[in-house]
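Peer 1: I am sharing query03.csv, which consists of CSV, C-alpha atoms:
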chain,number,residue,atom,x,y,z
A,28,MET,CA,-14.2,-58.3,-10.8
A,29,ILE,CA,-13.4,-55.1,-12.6
A,30,ALA,CA,-11.9,-52.4,-10.6
A,31,ASP,CA,-13.7,-49.0,-10.5
A,32,ILE,CA,-10.9,-47.1,-12.3
A,33,ALA,CA,-12.8,-43.7,-12.3
A,34,GLY,CA,-13.5,-44.1,-8.6
A,35,ILE,CA,-9.8,-44.9,-7.8
A,36,ALA,CA,-8.6,-42.0,-10.0
A,37,GLY,CA,-11.0,-39.7,-8.1
A,38,LYS,CA,-9.9,-40.9,-4.8
A,39,ILE,CA,-6.2,-40.4,-5.7
A,40,ALA,CA,-6.9,-36.9,-7.0
A,41,ASP,CA,-8.7,-36.2,-3.7
A,42,GLU,CA,-6.2,-37.6,-1.3
A,43,GLN,CA,-2.8,-37.3,-3.0
A,44,GLY,CA,-3.0,-33.7,-4.3
A,45,LEU,CA,0.5,-32.6,-3.2
A,46,ILE,CA,2.1,-35.9,-4.4
A,47,LEU,CA,0.3,-35.6,-7.8
A,48,SER,CA,1.6,-32.0,-8.1
A,49,PHE,CA,5.2,-33.3,-7.6
A,50,ALA,CA,4.8,-35.8,-10.4
A,51,PHE,CA,3.1,-33.2,-12.6
A,52,VAL,CA,5.8,-30.5,-12.2
A,53,GLY,CA,8.5,-33.1,-12.7
A,54,ALA,CA,6.9,-34.3,-16.0
A,55,LEU,CA,6.4,-30.7,-17.1
A,56,THR,CA,10.1,-29.9,-16.3
A,57,TRP,CA,11.2,-33.0,-18.2
A,58,LEU,CA,9.2,-32.0,-21.3
A,59,SER,CA,10.6,-28.5,-21.1
A,60,ALA,CA,14.1,-29.8,-20.9
A,61,LEU,CA,13.4,-31.9,-24.0
A,62,VAL,CA,12.0,-28.9,-25.9
A,63,SER,CA,14.9,-26.7,-24.7
A,64,ARG,CA,17.5,-29.2,-26.0
A,65,ARG,CA,15.8,-30.5,-29.2
A,66,LEU,CA,14.0,-27.4,-30.5
A,67,THR,CA,16.1,-24.5,-29.3
A,68,GLY,CA,19.5,-26.2,-29.0
A,69,GLY,CA,19.7,-25.2,-25.4
A,70,ARG,CA,19.4,-21.5,-26.2
A,71,ILE,CA,16.3,-21.1,-24.2
A,72,ASN,CA,16.6,-22.1,-20.5
A,73,ALA,CA,14.5,-25.2,-19.7
A,74,SER,CA,13.1,-23.4,-16.6
A,75,ALA,CA,11.9,-20.5,-18.7
A,76,ILE,CA,10.0,-22.9,-21.0
A,77,ALA,CA,8.5,-24.7,-18.0
A,78,ILE,CA,7.4,-21.4,-16.5
A,79,VAL,CA,5.8,-20.2,-19.7
A,80,ALA,CA,4.2,-23.6,-20.2
A,81,ALA,CA,2.8,-23.4,-16.7
A,82,LEU,CA,1.4,-19.9,-17.3
A,83,ALA,CA,-0.3,-21.2,-20.5
A,84,LEU,CA,-1.8,-24.1,-18.6
A,85,ALA,CA,-2.9,-21.6,-15.9
A,86,TRP,CA,-4.7,-19.7,-18.7
A,87,TRP,CA,-6.3,-22.9,-19.9
A,88,GLY,CA,-7.2,-23.9,-16.4
A,89,GLY,CA,-8.9,-20.6,-15.9
A,90,LEU,CA,-10.9,-21.0,-19.1
A,91,LEU,CA,-12.0,-24.5,-18.1
A,92,SER,CA,-12.9,-23.9,-14.5
A,93,GLY,CA,-13.9,-20.2,-14.5
A,94,GLY,CA,-11.9,-19.9,-11.2
A,95,LYS,CA,-9.1,-17.6,-10.1
A,96,LYS,CA,-6.4,-20.1,-9.4
A,97,GLY,CA,-5.5,-21.2,-12.9
A,98,LEU,CA,-4.8,-24.9,-13.2
A,99,ALA,CA,-5.1,-25.4,-9.5
A,100,ASP,CA,-8.9,-24.9,-9.8
A,101,ILE,CA,-9.1,-28.2,-11.7
A,102,PRO,CA,-9.6,-30.9,-8.9
A,103,ALA,CA,-6.9,-33.2,-10.2
A,104,PHE,CA,-4.4,-30.4,-10.0
A,105,ALA,CA,-5.5,-28.8,-6.7
A,106,GLY,CA,-2.2,-29.9,-5.1
A,107,LEU,CA,-0.5,-27.2,-7.2
A,108,ALA,CA,-2.1,-24.6,-4.9
A,109,LEU,CA,-0.2,-26.0,-2.0
A,110,LEU,CA,3.1,-26.6,-3.8
A,111,GLY,CA,3.1,-23.2,-5.5
A,112,GLY,CA,1.4,-21.3,-2.7
A,113,ALA,CA,3.0,-18.5,-0.7
A,114,MET,CA,4.0,-20.8,2.2
A,115,LEU,CA,6.3,-23.2,0.3
A,116,ARG,CA,7.4,-20.4,-2.1
A,117,ASP,CA,8.7,-18.3,0.7
A,118,PHE,CA,10.2,-21.4,2.4
A,119,ALA,CA,12.2,-22.2,-0.8
A,120,ILE,CA,13.2,-18.6,-1.3
A,121,VAL,CA,14.7,-18.5,2.3
A,122,ALA,CA,16.5,-21.7,1.5
A,123,THR,CA,18.3,-20.1,-1.5
A,124,ALA,CA,19.9,-17.7,0.9
A,125,PHE,CA,22.1,-20.5,2.1
A,126,GLU,CA,24.4,-19.8,-0.9
A,127,VAL,CA,24.4,-16.0,-0.6
A,128,ASP,CA,27.8,-14.3,-0.7
A,129,VAL,CA,27.5,-12.1,2.3
A,130,LEU,CA,30.1,-9.6,1.0
A,131,GLU,CA,28.3,-9.2,-2.3
A,132,ALA,CA,25.0,-8.6,-0.6
A,133,ARG,CA,26.5,-6.1,1.8
A,134,LYS,CA,28.1,-4.1,-1.0
A,135,ALA,CA,24.8,-3.8,-2.8
A,136,GLY,CA,22.8,-2.6,0.2
A,137,LEU,CA,22.6,1.0,-0.9
A,138,LEU,CA,21.9,0.0,-4.4
A,139,GLY,CA,19.0,-2.2,-3.2
A,140,ALA,CA,17.5,0.7,-1.2
A,141,VAL,CA,17.7,3.0,-4.2
A,142,ALA,CA,16.1,0.3,-6.4
A,143,LEU,CA,13.3,-0.2,-3.9
A,144,THR,CA,12.5,3.5,-3.8
A,145,LEU,CA,12.5,3.8,-7.6
A,146,GLY,CA,10.6,0.5,-7.9
A,147,THR,CA,7.8,1.9,-5.8
A,148,ILE,CA,7.6,5.5,-7.1
A,149,VAL,CA,8.0,4.8,-10.8
A,150,PRO,CA,5.3,2.1,-11.3
A,151,PHE,CA,2.9,4.0,-9.0
A,152,SER,CA,3.3,7.2,-11.0
A,153,LEU,CA,3.0,5.5,-14.3
A,154,GLY,CA,-0.1,3.6,-13.1
A,155,VAL,CA,-1.7,6.8,-11.9
A,156,ALA,CA,-0.8,8.7,-15.2
A,157,ILE,CA,-2.2,5.9,-17.4
A,158,ALA,CA,-5.4,5.7,-15.3
A,159,TRP,CA,-5.8,9.5,-15.6
A,160,SER,CA,-5.5,9.2,-19.4
A,161,TYR,CA,-8.3,6.6,-19.3
A,162,GLY,CA,-10.6,9.1,-17.7
A,163,TYR,CA,-10.2,8.3,-14.0
A,164,ARG,CA,-10.3,11.5,-11.9
A,165,ASP,CA,-11.0,10.6,-8.3
A,166,PRO,CA,-7.9,10.3,-6.1
A,167,VAL,CA,-9.1,7.0,-4.5
A,168,SER,CA,-9.4,5.1,-7.9
A,169,LEU,CA,-6.2,6.8,-9.2
A,170,THR,CA,-4.2,5.7,-6.1
A,171,THR,CA,-5.6,2.2,-6.2
A,172,LEU,CA,-4.8,1.7,-9.8
A,173,GLY,CA,-1.3,3.1,-9.3
A,174,ALA,CA,-0.8,0.8,-6.3
A,175,GLY,CA,-1.8,-2.2,-8.6
A,176,ALA,CA,1.2,-1.3,-10.8
A,177,VAL,CA,3.5,-1.8,-7.7
A,178,THR,CA,2.3,-5.4,-7.0
A,179,TYR,CA,-1.0,-7.2,-7.1
A,180,ILE,CA,-1.1,-7.3,-3.3
A,181,VAL,CA,-0.4,-3.5,-2.9
A,182,GLY,CA,-3.4,-2.7,-5.2
A,183,PRO,CA,-6.2,-4.4,-3.2
A,184,VAL,CA,-4.6,-3.5,0.2
A,185,THR,CA,-4.6,0.1,-0.8
A,186,GLY,CA,-8.1,-0.1,-2.4
A,187,ALA,CA,-9.5,-1.6,0.8
A,188,ALA,CA,-7.8,1.0,3.0
A,189,LEU,CA,-9.2,3.9,0.8
A,190,GLY,CA,-12.6,2.3,0.1
A,191,ALA,CA,-12.2,2.0,-3.7
A,192,SER,CA,-15.0,0.4,-5.7
A,193,SER,CA,-14.7,-3.3,-6.5
A,194,PRO,CA,-14.3,-3.0,-10.3
A,195,VAL,CA,-11.3,-0.6,-9.7
A,196,VAL,CA,-9.8,-3.1,-7.1
A,197,ALA,CA,-10.3,-5.9,-9.7
A,198,LEU,CA,-8.5,-3.8,-12.3
A,199,SER,CA,-5.6,-3.0,-9.9
A,200,ILE,CA,-5.2,-6.7,-9.2
A,201,ALA,CA,-5.2,-7.5,-13.0
A,202,ILE,CA,-2.5,-4.9,-13.5
A,203,GLY,CA,-0.4,-6.4,-10.8
A,204,VAL,CA,-0.9,-10.0,-12.0
A,205,LEU,CA,-0.1,-9.0,-15.6
A,206,LYS,CA,3.1,-7.3,-14.3
A,207,ALA,CA,4.2,-10.5,-12.5
A,208,VAL,CA,3.4,-12.6,-15.6
A,209,LEU,CA,5.3,-10.2,-17.9
A,210,VAL,CA,8.3,-10.2,-15.6
A,211,MET,CA,8.4,-14.0,-15.5
A,212,VAL,CA,8.2,-14.4,-19.2
A,213,LEU,CA,10.4,-11.5,-20.4
A,214,THR,CA,13.2,-11.5,-17.9
A,215,PRO,CA,15.2,-14.3,-19.5
A,216,MET,CA,14.8,-12.6,-22.9
A,217,VAL,CA,16.0,-9.1,-21.8
A,218,ALA,CA,18.6,-10.3,-19.1
A,219,ARG,CA,21.5,-9.9,-21.5
A,220,PHE,CA,20.5,-6.3,-22.5
A,221,ILE,CA,20.0,-5.0,-19.0
A,222,GLY,CA,23.2,-6.6,-17.6
A,223,LEU,CA,21.4,-9.0,-15.3
A,224,ASP,CA,24.3,-11.4,-14.8
A,225,ASN,CA,25.7,-10.5,-11.4
A,226,PRO,CA,24.5,-10.3,-7.8
A,227,ARG,CA,24.4,-6.5,-7.7
A,228,SER,CA,22.2,-6.1,-10.8
A,229,ALA,CA,20.0,-8.9,-9.4
A,230,MET,CA,19.5,-6.9,-6.2
A,231,ALA,CA,18.6,-3.8,-8.3
A,232,PHE,CA,16.3,-6.0,-10.3
A,233,GLY,CA,14.5,-7.3,-7.2
A,234,GLY,CA,14.0,-3.9,-5.8
A,235,LEU,CA,12.8,-2.4,-9.1
A,236,MET,CA,10.5,-5.1,-10.4
A,237,GLY,CA,9.2,-5.8,-6.9
A,238,THR,CA,6.6,-8.4,-7.4
A,239,VAL,CA,8.0,-11.5,-5.6
A,240,SER,CA,6.4,-14.0,-7.8
A,241,GLY,CA,7.6,-12.2,-10.9
A,242,VAL,CA,11.1,-11.8,-9.6
A,243,ALA,CA,11.2,-15.3,-8.4
A,244,GLY,CA,10.0,-16.7,-11.7
A,245,GLY,CA,12.1,-14.4,-13.8
A,246,LEU,CA,15.4,-15.0,-12.1
A,247,ALA,CA,14.7,-18.8,-11.9
A,248,ALA,CA,14.3,-18.8,-15.7
A,249,THR,CA,17.4,-16.7,-16.2
A,250,ASP,CA,20.1,-17.9,-13.7
A,251,GLN,CA,19.3,-19.7,-10.5
A,252,ARG,CA,22.4,-18.4,-8.7
A,253,LEU,CA,20.9,-14.9,-8.9
A,254,VAL,CA,17.7,-15.8,-7.1
A,255,PRO,CA,18.6,-15.1,-3.5
A,256,TYR,CA,20.0,-11.6,-4.3
A,257,GLY,CA,16.8,-10.5,-6.2
A,258,ALA,CA,14.5,-12.1,-3.6
A,259,LEU,CA,16.3,-10.3,-0.8
A,260,THR,CA,15.2,-6.9,-2.0
A,261,ALA,CA,11.9,-7.9,-3.7
A,262,THR,CA,10.6,-9.2,-0.4
A,263,PHE,CA,10.6,-5.7,1.1
A,264,HIS,CA,8.8,-4.3,-1.9
A,265,THR,CA,5.2,-5.2,-1.1
A,266,GLY,CA,5.5,-4.0,2.5
A,267,ILE,CA,6.9,-0.7,1.4
A,268,GLY,CA,4.2,-0.3,-1.2
A,269,CYS,CA,1.5,-1.1,1.3
A,270,LEU,CA,3.1,1.5,3.6
A,271,PHE,CA,3.3,4.4,1.2
A,272,CYS,CA,0.5,4.0,-1.3
A,273,PRO,CA,-2.5,4.5,0.9
A,274,SER,CA,-0.8,7.2,2.9
A,275,VAL,CA,1.8,9.5,1.5
A,276,PHE,CA,1.1,8.7,-2.2
A,277,PHE,CA,-2.6,9.1,-1.7
A,278,LEU,CA,-2.1,12.5,-0.1
A,279,ILE,CA,0.1,13.6,-3.0
A,280,VAL,CA,-2.5,12.3,-5.6
A,281,SER,CA,-5.3,14.0,-3.7
A,282,ALA,CA,-3.4,17.3,-3.8
A,283,ILE,CA,-2.7,17.1,-7.5
A,284,ALA,CA,-6.0,15.6,-8.8
B,20,MET,CA,20.8,-35.2,10.4
B,21,ALA,CA,18.9,-33.6,7.5
B,22,VAL,CA,16.0,-32.7,9.7
B,23,TYR,CA,18.2,-30.3,11.6
B,24,GLY,CA,18.8,-28.3,8.4
B,25,THR,CA,15.1,-28.3,7.4
B,26,SER,CA,14.2,-27.4,11.0
B,27,LEU,CA,16.7,-24.6,11.1
B,28,LEU,CA,15.3,-23.3,7.8
B,29,ALA,CA,11.8,-23.5,9.3
B,30,LEU,CA,12.8,-21.6,12.4
B,31,CYS,CA,14.5,-18.8,10.4
B,32,THR,CA,11.4,-18.6,8.2
B,33,LEU,CA,9.0,-18.5,11.2
B,34,VAL,CA,11.0,-15.9,13.1
B,35,GLY,CA,11.5,-13.8,10.0
B,36,VAL,CA,7.9,-13.8,9.0
B,37,ALA,CA,6.9,-13.0,12.7
B,38,LEU,CA,9.3,-10.1,12.7
B,39,GLY,CA,7.9,-8.9,9.4
B,40,GLU,CA,4.4,-9.0,10.9
B,41,VAL,CA,5.6,-7.0,13.9
B,42,LEU,CA,7.2,-4.5,11.6
B,43,GLY,CA,3.9,-4.3,9.6
B,44,GLN,CA,1.9,-3.6,12.8
B,45,LEU,CA,4.4,-1.0,14.0
B,46,LEU,CA,4.1,0.8,10.7
B,47,HIS,CA,0.3,0.4,10.5
B,48,VAL,CA,0.6,-1.6,7.3
B,49,LYS,CA,-1.7,-4.5,6.4
B,50,ALA,CA,1.1,-6.5,5.0
B,51,ASN,CA,4.2,-8.4,6.1
B,52,VAL,CA,7.2,-6.0,5.8
B,53,GLY,CA,10.3,-7.9,4.6
B,54,GLY,CA,9.6,-11.0,6.6
B,55,VAL,CA,11.2,-13.3,4.0
B,56,GLY,CA,14.2,-11.0,3.7
B,57,ILE,CA,14.7,-11.0,7.4
B,58,ALA,CA,14.5,-14.8,7.4
B,59,MET,CA,17.1,-14.9,4.7
B,60,LEU,CA,19.5,-12.8,6.7
B,61,LEU,CA,18.9,-15.0,9.8
B,62,LEU,CA,19.7,-18.1,7.8
B,63,VAL,CA,22.9,-16.6,6.5
B,64,ILE,CA,24.0,-15.6,10.0
B,65,CYS,CA,23.2,-19.1,11.3
B,66,LYS,CA,25.2,-20.7,8.5
B,67,VAL,CA,28.3,-18.5,9.2
B,68,ARG,CA,28.1,-19.3,12.9
B,69,LEU,CA,27.7,-23.1,12.4
B,70,GLN,CA,30.6,-23.0,9.9
B,71,ARG,CA,32.9,-21.3,12.5
B,72,GLN,CA,32.0,-23.9,15.1
B,73,GLY,CA,32.5,-26.7,12.6
B,74,LYS,CA,28.9,-27.9,13.0
B,75,LEU,CA,27.8,-27.4,9.4
B,76,THR,CA,27.5,-31.2,8.7
B,77,PRO,CA,26.7,-32.6,5.2
B,78,GLY,CA,23.4,-33.8,6.6
B,79,LEU,CA,22.4,-30.4,7.9
B,80,ARG,CA,23.3,-28.9,4.5
B,81,LEU,CA,21.2,-31.4,2.7
B,82,GLY,CA,18.2,-30.5,4.8
B,83,VAL,CA,18.4,-26.9,3.6
B,84,GLU,CA,19.7,-27.4,0.1
B,85,PHE,CA,17.0,-29.8,-0.9
B,86,TRP,CA,14.5,-26.9,-0.4
B,87,ALA,CA,16.7,-24.5,-2.3
B,88,ALA,CA,16.8,-27.1,-5.2
B,89,MET,CA,13.0,-27.4,-5.0
B,90,TYR,CA,12.7,-23.7,-5.7
B,91,ILE,CA,12.3,-23.9,-9.4
B,92,PRO,CA,9.6,-26.7,-9.3
B,93,ILE,CA,7.8,-24.6,-6.7
B,94,VAL,CA,8.0,-21.5,-9.0
B,95,VAL,CA,6.6,-23.6,-11.9
B,96,ALA,CA,3.7,-24.7,-9.7
B,97,MET,CA,3.3,-21.0,-8.7
B,98,ALA,CA,3.1,-20.0,-12.3
B,99,SER,CA,0.5,-22.7,-13.0
B,100,GLN,CA,-1.9,-21.1,-10.6
B,101,GLN,CA,-1.7,-17.5,-11.6
B,102,ASN,CA,-4.9,-15.8,-12.7
B,103,VAL,CA,-3.5,-15.4,-16.2
B,104,LEU,CA,-7.0,-15.2,-17.8
B,105,ALA,CA,-8.0,-12.2,-15.7
B,106,ALA,CA,-4.8,-10.5,-16.5
B,107,MET,CA,-5.3,-11.0,-20.2
B,108,ARG,CA,-8.9,-10.0,-20.1
B,109,GLY,CA,-8.3,-6.8,-18.1
B,110,GLY,CA,-8.7,-4.6,-21.1
B,111,PRO,CA,-6.4,-2.0,-22.8
B,112,MET,CA,-5.7,0.0,-19.7
B,113,VAL,CA,-4.4,-3.1,-17.8
B,114,LEU,CA,-2.3,-4.2,-20.8
B,115,LEU,CA,-0.9,-0.8,-21.3
B,116,THR,CA,0.0,-0.2,-17.7
B,117,GLY,CA,1.5,-3.6,-17.3
B,118,ALA,CA,3.6,-3.3,-20.4
B,119,VAL,CA,4.8,0.2,-19.8
B,120,VAL,CA,5.7,-0.4,-16.2
B,121,VAL,CA,7.6,-3.5,-16.9
B,122,ALA,CA,9.5,-2.0,-19.9
B,123,ILE,CA,10.6,1.1,-18.0
B,124,CYS,CA,11.6,-0.8,-14.9
B,125,PHE,CA,13.7,-3.2,-17.0
B,126,GLY,CA,15.4,-0.1,-18.4
B,127,LEU,CA,16.1,1.2,-14.9
B,128,VAL,CA,17.6,-2.1,-13.9
B,129,GLY,CA,20.1,-1.6,-16.7
B,130,VAL,CA,20.9,2.0,-15.7
B,131,LEU,CA,21.2,1.2,-12.0
B,132,GLY,CA,23.4,-1.8,-12.6
B,133,ARG,CA,25.7,0.2,-14.8
B,134,VAL,CA,26.0,3.0,-12.2
B,135,ALA,CA,26.7,0.5,-9.5
B,136,ASN,CA,29.4,-1.2,-11.4
B,137,ARG,CA,31.1,2.1,-12.2
B,138,ALA,CA,31.0,3.2,-8.5
What would the structure in this file look like if it were written as structure tokens?

Peer 2:
Amino acid sequence: MIADIAGIAGKIADEQGLILSFAFVGALTWLSALVSRRLTGGRINASAIAIVAALALAWWGGLLSGGKKGLADIPAFAGLALLGGAMLRDFAIVATAFEVDVLEARKAGLLGAVALTLGTIVPFSLGVAIAWSYGYRDPVSLTTLGAGAVTYIVGPVTGAALGASSPVVALSIAIGVLKAVLVMVLTPMVARFIGLDNPRSAMAFGGLMGTVSGVAGGLAATDQRLVPYGALTATFHTGIGCLFCPSVFFLIVSAIA
Amino acid sequence: MAVYGTSLLALCTLVGVALGEVLGQLLHVKANVGGVGIAMLLLVICKVRLQRQGKLTPGLRLGVEFWAAMYIPIVVAMASQQNVLAAMRGGPMVLLTGAVVVAICFGLVGVLGRVANRA
């Protein structure tokens, strides 16, 4: 009797999603370590290569499936949605706090607050200004697009609160996702130039860049020891953006526009 | 027992996220305000206390540190399910905004870091 290989593969894809994703991520990491050692002589961090490769696969997955969840929209890789979803991501981020140096974190408290303030105002203002230059004039669209430049969650939350049109909301999400992707890819490349090599600058980084997925990916690809410090400030970013964008910032934009 | 570590981590995460939700409701925000950050602070406080009481066993450590070690694989999985296609197809305004915002914020990280190290 010949076994129904396709049937078995389908059953495994269906029932072992999370386990498959462990195996897949492990394989991708192994390949990335190989590329890092052999092709770059260890100059480019293996994690950075793995993250960029994963983003490329996400792009490919989006092309193939037409969905919104990258590779996770392909049935065999559906488990990635659970492994890389917000629940386990936040759980693992909290776990990294176990190695936090309390004194360092305390010393950088004020710096974190300043970074958070700038990290909300600066992207928002730039987003509004660029949207203006592309011909948007109504305060609701301007505010929603500016909010998207804060994070990809602040954009749609603000858009929903203000009643923005759905194409504008979609654009604001796209801006936020692009920001997260750029932060993940570029952080390891610019880390040396912006002095991102100590807990304090990591806290400034978390507050300024904001987007938790971007900060999480960017710091993971740069230096894993910095992760908890960046995450500590970044996690307040989305909440603060959702607080100020549809309220204070919207009033300011309405007054100016 | 490793499960005590994982369980402690879960408790801190749940309490932190719940407090973040409460904070969001108090501020009339449709988002969790700093839940993960609060959870991180709780975990640090618990660790210091356990250490003082001599109850920070290797097993308990393992239960937390395994998840910290799984952080990068989780981030790789997270990257693999981003809507990269939509971000790339967003058109010139999306590309310009993303690039300008990221470039300027990187610059500010450098400036803030330098100011902080001088102070």

Peer 1: Just the number, please: distance in Å from CA of Arg133 (chain B) to CA of Met59 (chain B), one decimal.

Peer 2: 26.1 Å

Peer 1: When you count all atoms listed in the file, which of these residues is closest to chain A: B:Gln44, B:Arg137, B:Ala37, B:Leu28?

Peer 2: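 Among the listed residues, the smallest separation from chain A belongs to B:Leu28.
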
Peer 1: Tell me, as a count of residues only, which residues lie within 12 Å of Met89 (chain B), counting all atoms listed in the file; anything in the same chain fewer than 2 positions away does not count.

Peer 2: 30

Peer 1: Nearest to Leu91 (chain A): which of B:Val67, B:Leu104, B:Leu75, B:Ala29 is it, counting all atoms listed in the file?

Peer 2: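 Nearest to Leu91 (chain A): B:Leu104.
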
Peer 1: Report as JSON lines: every residue of chain B with an atom at most 7 Å from chain A, its closest pair of atoms, and their distance in Å to one decimal, counting only C-alpha atoms, with rows sorted by chain and ascending residue number.

Peer 2:
{"residue": "B:Leu28", "atom": "CA", "partner": "A:Ala122", "partner_atom": "CA", "distance": 6.6}
{"residue": "B:Thr32", "atom": "CA", "partner": "A:Phe118", "partner_atom": "CA", "distance": 6.6}
{"residue": "B:Val48", "atom": "CA", "partner": "A:Leu270", "partner_atom": "CA", "distance": 5.4}
{"residue": "B:Lys49", "atom": "CA", "partner": "A:Cys269", "partner_atom": "CA", "distance": 6.9}
{"residue": "B:Ala50", "atom": "CA", "partner": "A:Gly266", "partner_atom": "CA", "distance": 5.6}
{"residue": "B:Asn51", "atom": "CA", "partner": "A:Gly266", "partner_atom": "CA", "distance": 5.8}
{"residue": "B:Val52", "atom": "CA", "partner": "A:Gly266", "partner_atom": "CA", "distance": 4.2}
{"residue": "B:Gly53", "atom": "CA", "partner": "A:Phe263", "partner_atom": "CA", "distance": 4.1}
{"residue": "B:Val55", "atom": "CA", "partner": "A:Thr262", "partner_atom": "CA", "distance": 6.0}
{"residue": "B:Gly56", "atom": "CA", "partner": "A:Leu259", "partner_atom": "CA", "distance": 5.0}
{"residue": "B:Ala58", "atom": "CA", "partner": "A:Val121", "partner_atom": "CA", "distance": 6.3}
{"residue": "B:Met59", "atom": "CA", "partner": "A:Val121", "partner_atom": "CA", "distance": 4.9}
{"residue": "B:Leu62", "atom": "CA", "partner": "A:Phe125", "partner_atom": "CA", "distance": 6.6}
{"residue": "B:Val63", "atom": "CA", "partner": "A:Phe125", "partner_atom": "CA", "distance": 5.9}
{"residue": "B:Val83", "atom": "CA", "partner": "A:Ala122", "partner_atom": "CA", "distance": 5.9}
{"residue": "B:Glu84", "atom": "CA", "partner": "A:Ala122", "partner_atom": "CA", "distance": 6.7}
{"residue": "B:Trp86", "atom": "CA", "partner": "A:Ala119", "partner_atom": "CA", "distance": 5.2}
{"residue": "B:Ala87", "atom": "CA", "partner": "A:Ala122", "partner_atom": "CA", "distance": 4.7}
{"residue": "B:Met89", "atom": "CA", "partner": "A:Ala119", "partner_atom": "CA", "distance": 6.7}
{"residue": "B:Tyr90", "atom": "CA", "partner": "A:Ala119", "partner_atom": "CA", "distance": 5.1}
{"residue": "B:Ile91", "atom": "CA", "partner": "A:Ala247", "partner_atom": "CA", "distance": 6.2}
{"residue": "B:Pro92", "atom": "CA", "partner": "A:Val52", "partner_atom": "CA", "distance": 6.1}
{"residue": "B:Ile93", "atom": "CA", "partner": "A:Gly111", "partner_atom": "CA", "distance": 5.0}
{"residue": "B:Val94", "atom": "CA", "partner": "A:Gly244", "partner_atom": "CA", "distance": 5.9}
{"residue": "B:Val95", "atom": "CA", "partner": "A:Ile78", "partner_atom": "CA", "distance": 5.2}
{"residue": "B:Ala96", "atom": "CA", "partner": "A:Gly111", "partner_atom": "CA", "distance": 4.5}
{"residue": "B:Met97", "atom": "CA", "partner": "A:Gly111", "partner_atom": "CA", "distance": 3.9}
{"residue": "B:Ala98", "atom": "CA", "partner": "A:Leu82", "partner_atom": "CA", "distance": 5.3}
{"residue": "B:Ser99", "atom": "CA", "partner": "A:Ala81", "partner_atom": "CA", "distance": 4.4}
{"residue": "B:Gln100", "atom": "CA", "partner": "A:Gly97", "partner_atom": "CA", "distance": 4.3}
{"residue": "B:Gln101", "atom": "CA", "partner": "A:Gly97", "partner_atom": "CA", "distance": 5.5}
{"residue": "B:Asn102", "atom": "CA", "partner": "A:Lys95", "partner_atom": "CA", "distance": 5.3}
{"residue": "B:Val103", "atom": "CA", "partner": "A:Trp86", "partner_atom": "CA", "distance": 5.1}
{"residue": "B:Leu104", "atom": "CA", "partner": "A:Trp86", "partner_atom": "CA", "distance": 5.1}
{"residue": "B:Ala105", "atom": "CA", "partner": "A:Ala201", "partner_atom": "CA", "distance": 6.1}
{"residue": "B:Ala106", "atom": "CA", "partner": "A:Ala201", "partner_atom": "CA", "distance": 4.6}
{"residue": "B:Gly109", "atom": "CA", "partner": "A:Ala201", "partner_atom": "CA", "distance": 6.0}
{"residue": "B:Val113", "atom": "CA", "partner": "A:Ile202", "partner_atom": "CA", "distance": 5.0}
{"residue": "B:Thr116", "atom": "CA", "partner": "A:Gly154", "partner_atom": "CA", "distance": 6.0}
{"residue": "B:Gly117", "atom": "CA", "partner": "A:Lys206", "partner_atom": "CA", "distance": 5.0}
{"residue": "B:Val120", "atom": "CA", "partner": "A:Pro150", "partner_atom": "CA", "distance": 5.5}
{"residue": "B:Val121", "atom": "CA", "partner": "A:Lys206", "partner_atom": "CA", "distance": 6.4}
{"residue": "B:Cys124", "atom": "CA", "partner": "A:Leu235", "partner_atom": "CA", "distance": 6.1}
{"residue": "B:Phe125", "atom": "CA", "partner": "A:Ile221", "partner_atom": "CA", "distance": 6.9}
{"residue": "B:Gly126", "atom": "CA", "partner": "A:Ile221", "partner_atom": "CA", "distance": 6.7}
{"residue": "B:Val128", "atom": "CA", "partner": "A:Phe232", "partner_atom": "CA", "distance": 5.5}
{"residue": "B:Gly129", "atom": "CA", "partner": "A:Ile221", "partner_atom": "CA", "distance": 4.1}
{"residue": "B:Leu131", "atom": "CA", "partner": "A:Ala231", "partner_atom": "CA", "distance": 6.7}
{"residue": "B:Gly132", "atom": "CA", "partner": "A:Ser228", "partner_atom": "CA", "distance": 4.8}

Peer 1: Rounded to one decimal place, report the CA of Arg68 (chain B)-CA of Gly24 (chain B) distance in Å.

Peer 2: 13.7 Å

Peer 1: By how many Å are CA of Pro102 (chain A) and CA of Ala30 (chain A) apart?

Peer 2: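 These two atoms are separated by 21.7 Å.
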
Peer 1: Nearest to Ser59 (chain A): which of A:Asn72, A:Thr170, A:Thr238, A:Ser192 is it, counting all atoms listed in the file?

Peer 2: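 Using all atoms listed in the file, Ser59 (chain A) sits closest to A:Asn72.
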
Peer 1: List the spatial neighbours of Thr76 (chain B) as a VMD selection string - criterion: any atom at most 10 Å away, only C-alpha atoms, same-chain residues fewer than 5 positions off excluded.

Peer 2: chain B and resid 20 to 21 23 to 24 69 to 70 81

Peer 1: For a quick check of understanding, using only C-alpha atoms, which of A:Gly136, A:Gly44, A:Pro166, A:Gly257 has the smallest distance to Ala135 (chain B)?

Peer 2: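 Among the listed residues, the smallest separation from Ala135 (chain B) belongs to A:Gly136.
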
Peer 1: Restricting the calculation to only C-alpha atoms, which member of B:Val22, B:Leu27, B:Ile57, B:Leu114 is positioned closest to Gly39 (chain B)?

Peer 2: B:Ile57
